[in-house]
>>> print(open('entry-v9.tsv').read())   # TSV, C-alpha atoms
chain	number	residue	atom	x	y	z
A	1	MET	CA	-12.22	9.57	-17.25
A	2	ALA	CA	-12.95	9.43	-13.58
A	3	PHE	CA	-15.07	6.65	-12.20
A	4	LYS	CA	-18.68	7.30	-11.64
A	5	PRO	CA	-19.50	7.61	-7.94
A	6	SER	CA	-21.31	4.59	-6.60
A	7	ALA	CA	-25.03	5.08	-6.76
A	8	ALA	CA	-25.64	2.54	-4.05
A	9	LYS	CA	-23.56	4.41	-1.48
A	10	LYS	CA	-24.89	7.83	-2.30
A	11	HIS	CA	-27.87	7.88	-0.01
A	12	ARG	CA	-26.44	5.81	2.79
A	13	THR	CA	-26.85	7.59	6.16
A	14	SER	CA	-23.80	7.55	8.34
A	15	THR	CA	-24.42	5.47	11.46
A	16	ASP	CA	-22.69	6.12	14.79
A	17	GLU	CA	-19.63	3.89	14.93
A	18	GLU	CA	-18.33	3.27	18.46
A	19	LEU	CA	-14.60	2.85	18.97
A	20	ASN	CA	-14.11	-0.62	20.38
A	21	LEU	CA	-11.87	-0.22	23.41
A	22	THR	CA	-12.42	-3.63	24.99
A	23	SER	CA	-9.16	-5.21	23.83
A	24	MET	CA	-7.21	-2.15	24.94
A	25	MET	CA	-8.85	-2.44	28.35
A	26	ASP	CA	-7.58	-6.01	28.57
A	27	ALA	CA	-4.02	-4.92	27.94
A	28	MET	CA	-4.31	-2.03	30.39
A	29	THR	CA	-5.60	-4.29	33.15
A	30	ILE	CA	-2.63	-6.62	32.77
A	31	ILE	CA	-0.16	-3.73	32.76
A	32	LEU	CA	-1.86	-2.30	35.83
A	33	LEU	CA	-1.55	-5.57	37.74
A	34	PHE	CA	2.11	-5.93	36.77
A	35	LEU	CA	2.91	-2.41	37.89
A	36	LEU	CA	1.08	-2.88	41.17
A	37	LYS	CA	3.24	-5.92	41.83
A	38	THR	CA	6.45	-3.98	41.36
A	39	TYR	CA	5.20	-1.04	43.38
A	40	SER	CA	7.60	0.45	45.86
A	41	THR	CA	6.87	3.15	48.37
A	42	THR	CA	10.45	4.25	48.90
A	43	GLY	CA	10.94	5.68	45.45
A	44	ALA	CA	14.21	5.78	43.62
A	45	ILE	CA	17.23	5.79	45.91
A	46	ILE	CA	19.83	5.87	43.21
A	47	SER	CA	19.93	7.19	39.72
A	48	PRO	CA	21.48	4.53	37.54
A	49	SER	CA	24.51	5.38	35.50
A	50	SER	CA	27.11	3.49	33.53
A	51	ASP	CA	29.94	4.12	35.96
A	52	LEU	CA	27.95	3.10	39.02
A	53	LYS	CA	27.12	-0.58	39.00
A	54	LEU	CA	26.06	-1.93	42.35
A	55	PRO	CA	27.39	-5.25	43.65
A	56	TYR	CA	25.12	-8.22	44.30
A	57	SER	CA	24.40	-9.39	47.80
A	58	LEU	CA	22.26	-11.99	49.55
A	59	SER	CA	21.01	-9.46	52.07
A	60	THR	CA	17.26	-9.03	52.21
A	61	GLU	CA	17.07	-5.91	54.31
A	62	ALA	CA	15.07	-3.21	52.58
A	63	PRO	CA	16.66	0.20	52.23
A	64	HIS	CA	15.16	3.47	53.45
A	65	LYS	CA	15.63	6.84	51.93
A	66	GLU	CA	18.59	8.54	53.58
A	67	LEU	CA	21.46	10.77	52.63
A	68	THR	CA	23.60	8.99	50.06
A	69	VAL	CA	27.30	9.07	49.35
A	70	SER	CA	28.08	7.61	45.96
A	71	VAL	CA	31.47	6.35	44.90
A	72	THR	CA	31.46	5.98	41.14
A	73	GLN	CA	34.40	5.04	38.97
A	74	GLY	CA	35.59	8.61	38.84
A	75	ASN	CA	33.80	10.77	41.38
A	76	ILE	CA	32.36	11.06	44.83
A	77	LEU	CA	28.81	12.40	45.05
A	78	VAL	CA	26.74	13.43	48.03
A	79	SER	CA	23.01	13.05	47.32
A	80	ASP	CA	23.69	12.99	43.57
A	81	GLU	CA	25.71	16.19	43.55
A	82	PRO	CA	29.34	15.75	42.53
A	83	ILE	CA	31.67	16.81	45.32
A	84	MET	CA	35.09	15.76	44.16
A	85	SER	CA	36.91	13.42	41.83
A	86	LEU	CA	38.60	10.25	43.02
A	87	ALA	CA	41.91	11.57	41.73
A	88	SER	CA	41.81	14.42	44.23
A	89	ILE	CA	41.66	12.19	47.29
A	90	PRO	CA	44.82	12.85	49.28
A	91	ASN	CA	47.21	9.89	49.46
A	92	GLU	CA	48.31	10.75	52.97
A	93	GLY	CA	45.95	10.02	55.83
A	94	VAL	CA	42.54	8.41	55.84
A	95	LEU	CA	40.31	11.46	56.17
A	96	ILE	CA	39.04	13.09	52.97
A	97	PRO	CA	38.80	16.79	53.93
A	98	VAL	CA	36.46	17.93	51.11
A	99	LEU	CA	33.97	15.16	51.78
A	100	ALA	CA	34.22	15.63	55.53
A	101	GLN	CA	33.41	19.32	55.19
A	102	GLU	CA	30.37	18.61	53.02
A	103	LEU	CA	29.10	15.91	55.37
A	104	LYS	CA	29.59	18.13	58.39
A	105	GLN	CA	27.44	20.77	56.75
A	106	ARG	CA	24.74	18.20	56.12
A	107	ALA	CA	24.98	17.01	59.71
A	108	GLU	CA	24.64	20.58	60.98
A	109	GLU	CA	21.60	21.07	58.78
A	110	ALA	CA	20.05	17.83	60.02
A	111	LYS	CA	20.65	18.88	63.61
A	112	ARG	CA	19.04	22.24	63.00
A	113	ASN	CA	16.04	20.45	61.52
A	114	GLU	CA	15.90	18.25	64.57
A	115	ILE	CA	15.63	21.27	66.82
A	116	GLN	CA	13.31	23.35	64.65
A	117	TYR	CA	11.01	20.81	63.06
A	118	ALA	CA	11.54	17.73	65.26
A	119	ILE	CA	12.83	15.63	62.35
A	120	PRO	CA	15.08	13.15	64.14
A	121	PHE	CA	18.70	13.00	63.01
A	122	SER	CA	19.22	9.30	62.37
A	123	HIS	CA	23.01	9.38	61.80
A	124	GLU	CA	22.31	7.01	58.93
A	125	ILE	CA	24.00	7.28	55.57
A	126	ILE	CA	23.76	5.08	52.50
A	127	ILE	CA	27.01	4.24	50.76
A	128	VAL	CA	26.39	3.63	47.09
A	129	ALA	CA	29.59	2.31	45.63
A	130	ASP	CA	30.49	0.90	42.27
A	131	GLN	CA	31.23	-2.79	42.39
A	132	GLU	CA	34.74	-2.18	41.16
A	133	ALA	CA	35.57	0.56	43.64
A	134	GLN	CA	38.83	-0.09	45.41
A	135	PHE	CA	38.99	-0.94	49.07
A	136	GLU	CA	41.35	1.91	49.88
A	137	THR	CA	38.95	4.53	48.51
A	138	LEU	CA	36.02	2.89	50.22
A	139	PHE	CA	37.80	2.69	53.54
A	140	LYS	CA	38.62	6.40	53.41
A	141	VAL	CA	35.01	7.25	52.57
A	142	ILE	CA	33.72	5.06	55.40
A	143	TYR	CA	36.18	6.59	57.85
A	144	THR	CA	35.24	10.11	56.76
A	145	CYS	CA	31.54	9.34	57.22
A	146	GLY	CA	32.24	8.00	60.69
A	147	GLN	CA	34.16	11.14	61.61
A	148	SER	CA	31.35	13.38	60.29
A	149	GLU	CA	28.71	12.06	62.69
A	150	PHE	CA	27.24	9.62	60.16
A	151	ASN	CA	28.20	6.44	61.94
A	152	LYS	CA	25.37	4.17	60.83
A	153	LEU	CA	26.41	3.09	57.40
A	154	ARG	CA	24.26	1.19	54.98
A	155	LEU	CA	25.97	-0.39	52.01
A	156	LEU	CA	23.56	-0.45	49.10
A	157	THR	CA	23.51	-3.61	47.02
A	158	ILE	CA	21.29	-5.34	44.49
A	159	ARG	CA	19.30	-8.18	45.98
A	160	GLU	CA	20.16	-11.56	44.58
A	161	LYS	CA	17.41	-14.13	44.34
B	1	MET	CA	-59.56	-5.93	38.21
B	2	ALA	CA	-55.89	-6.23	37.31
B	3	PHE	CA	-54.02	-3.31	35.95
B	4	LYS	CA	-53.53	-3.23	32.32
B	5	PRO	CA	-49.92	-4.17	31.51
B	6	SER	CA	-47.80	-1.24	30.46
B	7	MET	CA	-47.43	-0.84	26.80
B	8	ARG	CA	-43.76	0.04	27.35
B	9	ALA	CA	-42.98	-3.51	28.46
B	10	HIS	CA	-43.00	-4.55	24.88
B	11	ASN	CA	-40.52	-1.93	23.79
B	12	LYS	CA	-37.64	-3.51	21.95
B	13	VAL	CA	-34.44	-3.43	24.04
B	14	SER	CA	-31.82	-1.66	22.03
B	15	GLU	CA	-28.21	-2.71	22.70
B	16	ILE	CA	-26.29	0.05	24.41
B	17	PRO	CA	-22.52	-0.45	24.23
B	18	LEU	CA	-20.78	-0.15	27.60
B	19	ASP	CA	-19.10	3.21	27.84
B	20	ILE	CA	-15.63	2.41	29.16
B	21	ARG	CA	-13.99	5.66	28.24
B	22	PRO	CA	-13.96	7.00	31.82
B	23	VAL	CA	-12.21	3.82	32.97
B	24	MET	CA	-9.68	4.28	30.20
B	25	ASN	CA	-9.04	7.79	31.45
B	26	LEU	CA	-8.27	6.42	34.87
B	27	MET	CA	-5.94	3.80	33.44
B	28	VAL	CA	-4.04	6.35	31.43
B	29	VAL	CA	-3.39	8.32	34.60
B	30	LEU	CA	-2.70	5.31	36.83
B	31	ILE	CA	-0.16	3.65	34.60
B	32	PRO	CA	2.36	6.53	34.51
B	33	ILE	CA	2.05	6.90	38.29
B	34	LEU	CA	2.74	3.22	38.91
B	35	LEU	CA	5.45	3.13	36.29
B	36	TYR	CA	7.19	5.96	38.10
B	37	SER	CA	7.22	4.14	41.41
B	38	ALA	CA	7.90	0.68	40.00
B	39	GLU	CA	10.88	-1.15	41.40
B	40	PHE	CA	12.45	-3.17	38.66
B	41	VAL	CA	15.67	-3.86	40.54
B	42	LYS	CA	15.26	-4.99	44.11
B	43	LEU	CA	17.75	-3.20	46.31
B	44	SER	CA	18.94	-4.25	49.71
B	45	ILE	CA	21.35	-2.93	52.29
B	46	ARG	CA	24.08	-4.17	54.57
B	47	GLU	CA	24.29	-2.45	57.90
B	48	LEU	CA	27.67	-1.33	59.10
B	49	ASN	CA	27.62	0.47	62.40
B	50	LEU	CA	30.68	2.41	63.35
B	51	PRO	CA	31.25	3.55	66.91
B	52	ALA	CA	29.95	7.09	67.35
B	53	ALA	CA	32.61	9.75	67.14
B	54	SER	CA	33.66	10.32	70.74
B	55	ALA	CA	32.22	13.42	72.32
B	56	GLY	CA	35.40	14.39	74.06
B	57	PRO	CA	38.84	12.99	74.72
B	58	GLY	CA	38.03	12.30	78.37
B	59	THR	CA	35.07	10.00	77.76
B	60	GLY	CA	36.85	8.19	74.96
B	61	ASN	CA	39.84	7.28	77.09
B	62	THR	CA	37.88	5.86	80.00
B	63	THR	CA	35.83	3.52	77.82
B	64	ASP	CA	38.99	2.37	76.10
B	65	GLU	CA	40.56	1.48	79.42
B	66	VAL	CA	37.53	-0.55	80.44
B	67	LYS	CA	37.50	-2.41	77.17
B	68	GLU	CA	41.17	-3.23	77.48
B	69	GLU	CA	40.46	-5.44	80.48
B	70	GLU	CA	37.79	-7.49	78.74
B	71	LYS	CA	38.58	-10.53	76.67
B	72	ARG	CA	38.67	-9.62	73.03
B	73	LEU	CA	38.98	-11.97	70.14
B	74	GLN	CA	39.37	-9.51	67.29
B	75	LEU	CA	38.77	-12.05	64.59
B	76	THR	CA	39.97	-10.69	61.29
B	77	VAL	CA	39.52	-11.77	57.71
B	78	LEU	CA	41.95	-10.20	55.33
B	79	VAL	CA	41.22	-10.27	51.63
B	80	SER	CA	44.29	-10.28	49.46
B	81	LYS	CA	44.89	-11.07	45.83
B	82	GLU	CA	46.16	-14.53	46.76
B	83	GLY	CA	43.26	-15.47	48.99
B	84	PHE	CA	41.88	-14.99	52.49
B	85	TYR	CA	43.92	-14.64	55.64
B	86	ILE	CA	42.14	-15.45	58.88
B	87	GLY	CA	43.53	-14.20	62.12
B	88	ASN	CA	42.97	-12.60	65.48
B	89	ARG	CA	45.00	-10.30	67.70
B	90	GLY	CA	47.51	-13.09	68.28
B	91	GLY	CA	48.42	-13.61	64.65
B	92	TYR	CA	47.27	-15.21	61.47
B	93	LEU	CA	46.02	-18.75	61.14
B	94	SER	CA	48.59	-19.82	58.65
B	95	GLY	CA	51.36	-17.64	57.46
B	96	GLU	CA	52.79	-14.64	59.23
B	97	ALA	CA	51.21	-11.38	60.27
B	98	ASN	CA	53.37	-9.51	57.81
B	99	MET	CA	51.65	-11.45	55.01
B	100	THR	CA	54.73	-13.08	53.58
B	101	GLY	CA	53.29	-16.55	54.17
B	102	GLU	CA	50.65	-18.42	52.34
B	103	PRO	CA	47.04	-17.35	52.92
B	104	ALA	CA	44.84	-19.65	54.99
B	105	ILE	CA	42.42	-20.05	52.12
B	106	PRO	CA	44.13	-19.52	48.77
B	107	ILE	CA	42.22	-18.61	45.64
B	108	LEU	CA	40.93	-21.39	43.41
B	109	ASP	CA	42.72	-22.44	40.25
B	110	ASN	CA	40.34	-20.41	38.10
B	111	GLY	CA	41.30	-17.25	39.98
B	112	GLU	CA	38.13	-16.97	42.04
B	113	TYR	CA	37.91	-16.69	45.78
B	114	ASN	CA	37.02	-19.80	47.73
B	115	PHE	CA	34.15	-18.34	49.74
B	116	GLN	CA	32.79	-21.71	50.80
B	117	ALA	CA	36.08	-22.75	52.39
B	118	LEU	CA	36.22	-19.40	54.21
B	119	GLN	CA	32.74	-19.99	55.58
B	120	ASP	CA	33.56	-23.54	56.66
B	121	SER	CA	36.63	-22.53	58.58
B	122	LEU	CA	34.77	-19.63	60.21
B	123	VAL	CA	32.05	-22.04	61.33
B	124	LYS	CA	34.77	-24.14	63.01
B	125	ILE	CA	36.22	-21.03	64.63
B	126	GLN	CA	32.81	-20.00	65.91
B	127	GLU	CA	32.27	-23.40	67.55
B	128	LYS	CA	35.58	-23.06	69.40
B	129	VAL	CA	35.01	-19.46	70.41
B	130	LYS	CA	31.42	-19.86	71.64
B	131	GLY	CA	31.06	-19.61	75.39
B	132	GLN	CA	34.68	-18.65	75.98
B	133	GLY	CA	33.63	-15.28	77.29
B	134	PHE	CA	34.85	-13.08	74.48
B	135	ILE	CA	32.84	-9.90	74.41
B	136	ASP	CA	33.15	-9.64	70.63
B	137	GLU	CA	32.26	-13.22	69.76
B	138	LYS	CA	29.69	-12.02	67.22
B	139	SER	CA	31.84	-9.49	65.47
B	140	ILE	CA	34.45	-9.81	62.81
B	141	ILE	CA	36.85	-7.36	61.25
B	142	ILE	CA	37.05	-7.45	57.48
B	143	SER	CA	40.07	-5.95	55.91
B	144	ALA	CA	41.56	-5.98	52.47
B	145	GLU	CA	44.51	-4.94	50.40
B	146	ARG	CA	44.35	-1.49	48.87
B	147	ASP	CA	43.07	-2.47	45.44
B	148	ILE	CA	40.60	-5.23	46.30
B	149	MET	CA	37.30	-4.54	44.59
B	150	TYR	CA	34.16	-3.68	46.52
B	151	LYS	CA	32.17	-6.57	45.04
B	152	HIS	CA	34.54	-9.09	46.60
B	153	LEU	CA	34.15	-7.35	49.93
B	154	ILE	CA	30.36	-7.53	49.78
B	155	ARG	CA	30.58	-11.19	48.87
B	156	VAL	CA	32.81	-11.82	51.90
B	157	ILE	CA	30.29	-10.02	54.13
B	158	ASP	CA	27.55	-12.27	52.70
B	159	TYR	CA	29.44	-15.42	53.58
B	160	VAL	CA	30.60	-14.20	56.97
B	161	THR	CA	27.30	-13.05	58.47
B	162	ILE	CA	25.05	-16.04	57.79
B	163	TYR	CA	25.59	-19.69	56.97
B	164	THR	CA	23.22	-22.54	56.19
B	165	ASP	CA	23.57	-25.45	58.55
B	166	PRO	CA	23.65	-28.59	56.38
B	167	GLN	CA	22.11	-30.81	59.08
B	168	ALA	CA	19.38	-28.53	60.38
B	169	ARG	CA	18.82	-26.94	56.95
B	170	GLU	CA	18.32	-23.54	58.42
B	171	GLU	CA	20.21	-20.29	58.29
B	172	LYS	CA	22.30	-19.46	61.30
B	173	GLU	CA	24.19	-16.40	62.35
B	174	LEU	CA	27.92	-16.59	62.00
B	175	PHE	CA	29.51	-13.24	62.75
B	176	PRO	CA	26.77	-10.67	62.12
B	177	GLN	CA	28.61	-7.62	63.43
B	178	ILE	CA	30.85	-6.44	60.66
B	179	ASN	CA	33.70	-4.01	61.15
B	180	ILE	CA	35.90	-2.68	58.41
B	181	GLY	CA	39.57	-2.36	59.12
B	182	GLN	CA	42.65	-1.34	57.24
B	183	VAL	CA	45.93	-3.13	56.91
B	184	ILE	CA	48.63	-1.11	58.55
>>> encode(input="entry-v9.tsv", output="structure tokens")
Amino acid sequence: MAFKPSAAKKHRTSTDEELNLTSMMDAMTIILLFLLKTYSTTGAIISPSSDLKLPYSLSTEAPHKELTVSVTQGNILVSDEPIMSLASIPNEGVLIPVLAQELKQRAEEAKRNEIQYAIPFSHEIIIVADQEAQFETLFKVIYTCGQSEFNKLRLLTIREK
Amino acid sequence: MAFKPSMRAHNKVSEIPLDIRPVMNLMVVLIPILLYSAEFVKLSIRELNLPAASAGPGTGNTTDEVKEEEKRLQLTVLVSKEGFYIGNRGGYLSGEANMTGEPAIPILDNGEYNFQALQDSLVKIQEKVKGQGFIDEKSIIISAERDIMYKHLIRVIDYVTIYTDPQAREEKELFPQINIGQVI
């Protein structure tokens, strides 16, 4: 047999129960302060990936958002779009033709923007290279950038405390 | 005659809970925005300025001729698997230019590079070079063997640009203008 419903509770009127949000507000305030402390206006320059680990450096210069050339463990990317694989870099000579062509197009575009919309062409380029990239590859990339009118190179690193 | 006190003054004050739901709304919006622009890893850059690609062959040649007459040091640090070679246009500090000799600063026994020794000897070189009239007394060429890893290169740049003077306890410039060269 089922239990008899409680007689005492039968005529109880339901009162307005307020959700107590005070403790949640506490947590939110702390999170808000923490996030304000780590706030950056530049936004994300690189998209992290497993085959692109930046080296550590003592430099304290803050980076700006510019065109990036990434050298990962297997590929070369220009502003996060894969251009070519490291295996297809020619052994002969220092210039990488595929990369040079892509960079020249970007330079042309930047120059057109300079004329049409007065966005100055800074000649700056950020080199984002994996910490285990080989010097030979890097040298070729740097040389190619220099030949494609991007002569102000910025090597991106992680700031060491 | 004084006014009669309002009867409402004796109304019982009922406790009204603070309505913080609008603030919560704001928080819920603010936190994703800040999370998106949060910088968990501090990034930094190293500047590396190459000479601008010459506009034409004529202008390039004339500047080269002018530079040829000036005193150039062309200090070079070469990173190899055995250690650092230090040299200038005349030759390498210890060992031969063709890299058959011992490096000036060999690697430590645990296989790591001796960055501190490199910095110390560059400080000595800078003291000798200062005021000798070299036009490139602030620049250094960093070169490496083909398969030296990028992280070692960045570390070398760190130690070559700035050093901490032990007496004055302040950071001083060593060779802030970095060039990258290739072993021929």
>>> residues_around(input="entry-v9.tsv", residues="range 70-74 of chain A", least_positions_apart="2", cutoff="12 Å", atoms="all atoms listed in the file", output="PyMOL selection string")
(chain A and resi 45-54+67-68+76-89+99+125-142+145+154-156) or (chain B and resi 149-150)
>>> write_last_selection(input="entry-v9.tsv", atoms="C-alpha atoms", output="compact mmCIF listing (two decimals), keeping the file's coordinate frame")
# COMPACT_ATOMS: atom_id res chain seq x y z
CA ILE A 45 17.23 5.79 45.91
CA ILE A 46 19.83 5.87 43.21
CA SER A 47 19.93 7.19 39.72
CA PRO A 48 21.48 4.53 37.54
CA SER A 49 24.51 5.38 35.50
CA SER A 50 27.11 3.49 33.53
CA ASP A 51 29.94 4.12 35.96
CA LEU A 52 27.95 3.10 39.02
CA LYS A 53 27.12 -0.58 39.00
CA LEU A 54 26.06 -1.93 42.35
CA LEU A 67 21.46 10.77 52.63
CA THR A 68 23.60 8.99 50.06
CA ILE A 76 32.36 11.06 44.83
CA LEU A 77 28.81 12.40 45.05
CA VAL A 78 26.74 13.43 48.03
CA SER A 79 23.01 13.05 47.32
CA ASP A 80 23.69 12.99 43.57
CA GLU A 81 25.71 16.19 43.55
CA PRO A 82 29.34 15.75 42.53
CA ILE A 83 31.67 16.81 45.32
CA MET A 84 35.09 15.76 44.16
CA SER A 85 36.91 13.42 41.83
CA LEU A 86 38.60 10.25 43.02
CA ALA A 87 41.91 11.57 41.73
CA SER A 88 41.81 14.42 44.23
CA ILE A 89 41.66 12.19 47.29
CA LEU A 99 33.97 15.16 51.78
CA ILE A 125 24.00 7.28 55.57
CA ILE A 126 23.76 5.08 52.50
CA ILE A 127 27.01 4.24 50.76
CA VAL A 128 26.39 3.63 47.09
CA ALA A 129 29.59 2.31 45.63
CA ASP A 130 30.49 0.90 42.27
CA GLN A 131 31.23 -2.79 42.39
CA GLU A 132 34.74 -2.18 41.16
CA ALA A 133 35.57 0.56 43.64
CA GLN A 134 38.83 -0.09 45.41
CA PHE A 135 38.99 -0.94 49.07
CA GLU A 136 41.35 1.91 49.88
CA THR A 137 38.95 4.53 48.51
CA LEU A 138 36.02 2.89 50.22
CA PHE A 139 37.80 2.69 53.54
CA LYS A 140 38.62 6.40 53.41
CA VAL A 141 35.01 7.25 52.57
CA ILE A 142 33.72 5.06 55.40
CA CYS A 145 31.54 9.34 57.22
CA ARG A 154 24.26 1.19 54.98
CA LEU A 155 25.97 -0.39 52.01
CA LEU A 156 23.56 -0.45 49.10
CA MET B 149 37.30 -4.54 44.59
CA TYR B 150 34.16 -3.68 46.52
>>> residues_near_point(input="entry-v9.tsv", point="(1.8, -5.1, 33.8)", cutoff="12 Å", atoms="all atoms listed in the file", output="list in words")
Asp26, Ala27, Met28, Thr29, Ile30, Ile31, Leu32, Leu33, Phe34, Leu35, Leu36, Lys37, Thr38 and Tyr39 of chain A; Met27, Leu30, Ile31, Pro32, Leu34, Leu35, Ala38 and Phe40 of chain B
>>> residues_around(input="entry-v9.tsv", residues="Leu108 in chain B", least_positions_apart="4", cutoff="10 Å", atoms="all atoms listed in the file", output="list in words")
Glu82, Gly83, Glu112, Tyr113, Asn114 and Phe115 of chain B
>>> atom_distance(input="entry-v9.tsv", atom1="CA of His123 in chain A", atom2="CA of Glu149 in chain A")
6.4 Å
>>> atom_distance(input="entry-v9.tsv", atom1="CA of Phe150 in chain A", atom2="CA of Ala107 in chain A")
7.7 Å
>>> closest_residue(input="entry-v9.tsv", among="B:Asp158, B:Glu171, B:Glu15, B:Glu145", to="Tyr85 in chain B", atoms="all atoms listed in the file")
B:Glu145
>>> interface_residues(input="entry-v9.tsv", of="chain B", to="chain A", cutoff="10 Å", atoms="all atoms listed in the file", output="ChimeraX atom specification")
/B:17-21,23-24,27-28,30-54,79,143-159,161-162,180-183
>>> atom_distance(input="entry-v9.tsv", atom1="CA of Lys81 in chain B", atom2="CA of Ile105 in chain B")
11.2 Å
>>> residues_around(input="entry-v9.tsv", residues="range 172-178 of chain B", least_positions_apart="2", cutoff="6 Å", atoms="only C-alpha atoms", output="PyMOL selection string")
chain B and resi 138-140+160-163
>>> build_atoms(input="entry-v9.tsv", residues="range 24-30 of chain A", atoms="all heavy atoms", output="PDB file, in the coordinates of the input")
ATOM      1  N   MET A  24      -8.187  -3.032  24.307  1.00  0.00           N
ATOM      2  CA  MET A  24      -7.210  -2.150  24.940  1.00  0.00           C
ATOM      3  C   MET A  24      -7.345  -2.199  26.459  1.00  0.00           C
ATOM      4  O   MET A  24      -6.348  -2.180  27.177  1.00  0.00           O
ATOM      5  CB  MET A  24      -7.447  -0.729  24.446  1.00  0.00           C
ATOM      6  CG  MET A  24      -6.257   0.155  24.641  1.00  0.00           C
ATOM      7  SD  MET A  24      -6.517   1.696  23.831  1.00  0.00           S
ATOM      8  CE  MET A  24      -5.145   2.618  24.446  1.00  0.00           C
ATOM      9  N   MET A  25      -8.594  -2.300  26.917  1.00  0.00           N
ATOM     10  CA  MET A  25      -8.850  -2.440  28.350  1.00  0.00           C
ATOM     11  C   MET A  25      -8.183  -3.681  28.905  1.00  0.00           C
ATOM     12  O   MET A  25      -7.624  -3.665  29.999  1.00  0.00           O
ATOM     13  CB  MET A  25     -10.349  -2.523  28.619  1.00  0.00           C
ATOM     14  CG  MET A  25     -11.045  -1.205  28.649  1.00  0.00           C
ATOM     15  SD  MET A  25     -10.581  -0.277  30.101  1.00  0.00           S
ATOM     16  CE  MET A  25     -11.319  -1.314  31.352  1.00  0.00           C
ATOM     17  N   ASP A  26      -8.235  -4.762  28.155  1.00  0.00           N
ATOM     18  CA  ASP A  26      -7.580  -6.010  28.570  1.00  0.00           C
ATOM     19  C   ASP A  26      -6.097  -5.769  28.820  1.00  0.00           C
ATOM     20  O   ASP A  26      -5.560  -6.108  29.870  1.00  0.00           O
ATOM     21  CB  ASP A  26      -7.734  -7.074  27.467  1.00  0.00           C
ATOM     22  CG  ASP A  26      -9.073  -7.760  27.554  1.00  0.00           C
ATOM     23  OD1 ASP A  26      -9.805  -7.451  28.516  1.00  0.00           O
ATOM     24  OD2 ASP A  26      -9.382  -8.581  26.678  1.00  0.00           O
ATOM     25  N   ALA A  27      -5.456  -5.170  27.823  1.00  0.00           N
ATOM     26  CA  ALA A  27      -4.020  -4.920  27.940  1.00  0.00           C
ATOM     27  C   ALA A  27      -3.727  -4.019  29.133  1.00  0.00           C
ATOM     28  O   ALA A  27      -2.815  -4.277  29.925  1.00  0.00           O
ATOM     29  CB  ALA A  27      -3.516  -4.277  26.650  1.00  0.00           C
ATOM     30  N   MET A  28      -4.518  -2.973  29.292  1.00  0.00           N
ATOM     31  CA  MET A  28      -4.310  -2.030  30.390  1.00  0.00           C
ATOM     32  C   MET A  28      -4.423  -2.706  31.748  1.00  0.00           C
ATOM     33  O   MET A  28      -3.657  -2.428  32.663  1.00  0.00           O
ATOM     34  CB  MET A  28      -5.359  -0.908  30.303  1.00  0.00           C
ATOM     35  CG  MET A  28      -5.121   0.049  29.164  1.00  0.00           C
ATOM     36  SD  MET A  28      -3.791   1.181  29.525  1.00  0.00           S
ATOM     37  CE  MET A  28      -4.003   2.378  28.249  1.00  0.00           C
ATOM     38  N   THR A  29      -5.398  -3.607  31.877  1.00  0.00           N
ATOM     39  CA  THR A  29      -5.600  -4.290  33.150  1.00  0.00           C
ATOM     40  C   THR A  29      -4.376  -5.128  33.513  1.00  0.00           C
ATOM     41  O   THR A  29      -3.935  -5.141  34.661  1.00  0.00           O
ATOM     42  CB  THR A  29      -6.844  -5.184  33.078  1.00  0.00           C
ATOM     43  OG1 THR A  29      -7.890  -4.420  32.514  1.00  0.00           O
ATOM     44  CG2 THR A  29      -7.239  -5.694  34.425  1.00  0.00           C
ATOM     45  N   ILE A  30      -3.810  -5.795  32.498  1.00  0.00           N
ATOM     46  CA  ILE A  30      -2.630  -6.620  32.770  1.00  0.00           C
ATOM     47  C   ILE A  30      -1.445  -5.748  33.164  1.00  0.00           C
ATOM     48  O   ILE A  30      -0.732  -6.032  34.120  1.00  0.00           O
ATOM     49  CB  ILE A  30      -2.310  -7.507  31.541  1.00  0.00           C
ATOM     50  CG1 ILE A  30      -3.412  -8.557  31.396  1.00  0.00           C
ATOM     51  CG2 ILE A  30      -0.966  -8.176  31.697  1.00  0.00           C
ATOM     52  CD1 ILE A  30      -3.427  -9.255  30.081  1.00  0.00           C
TER      53      ILE A  30
END
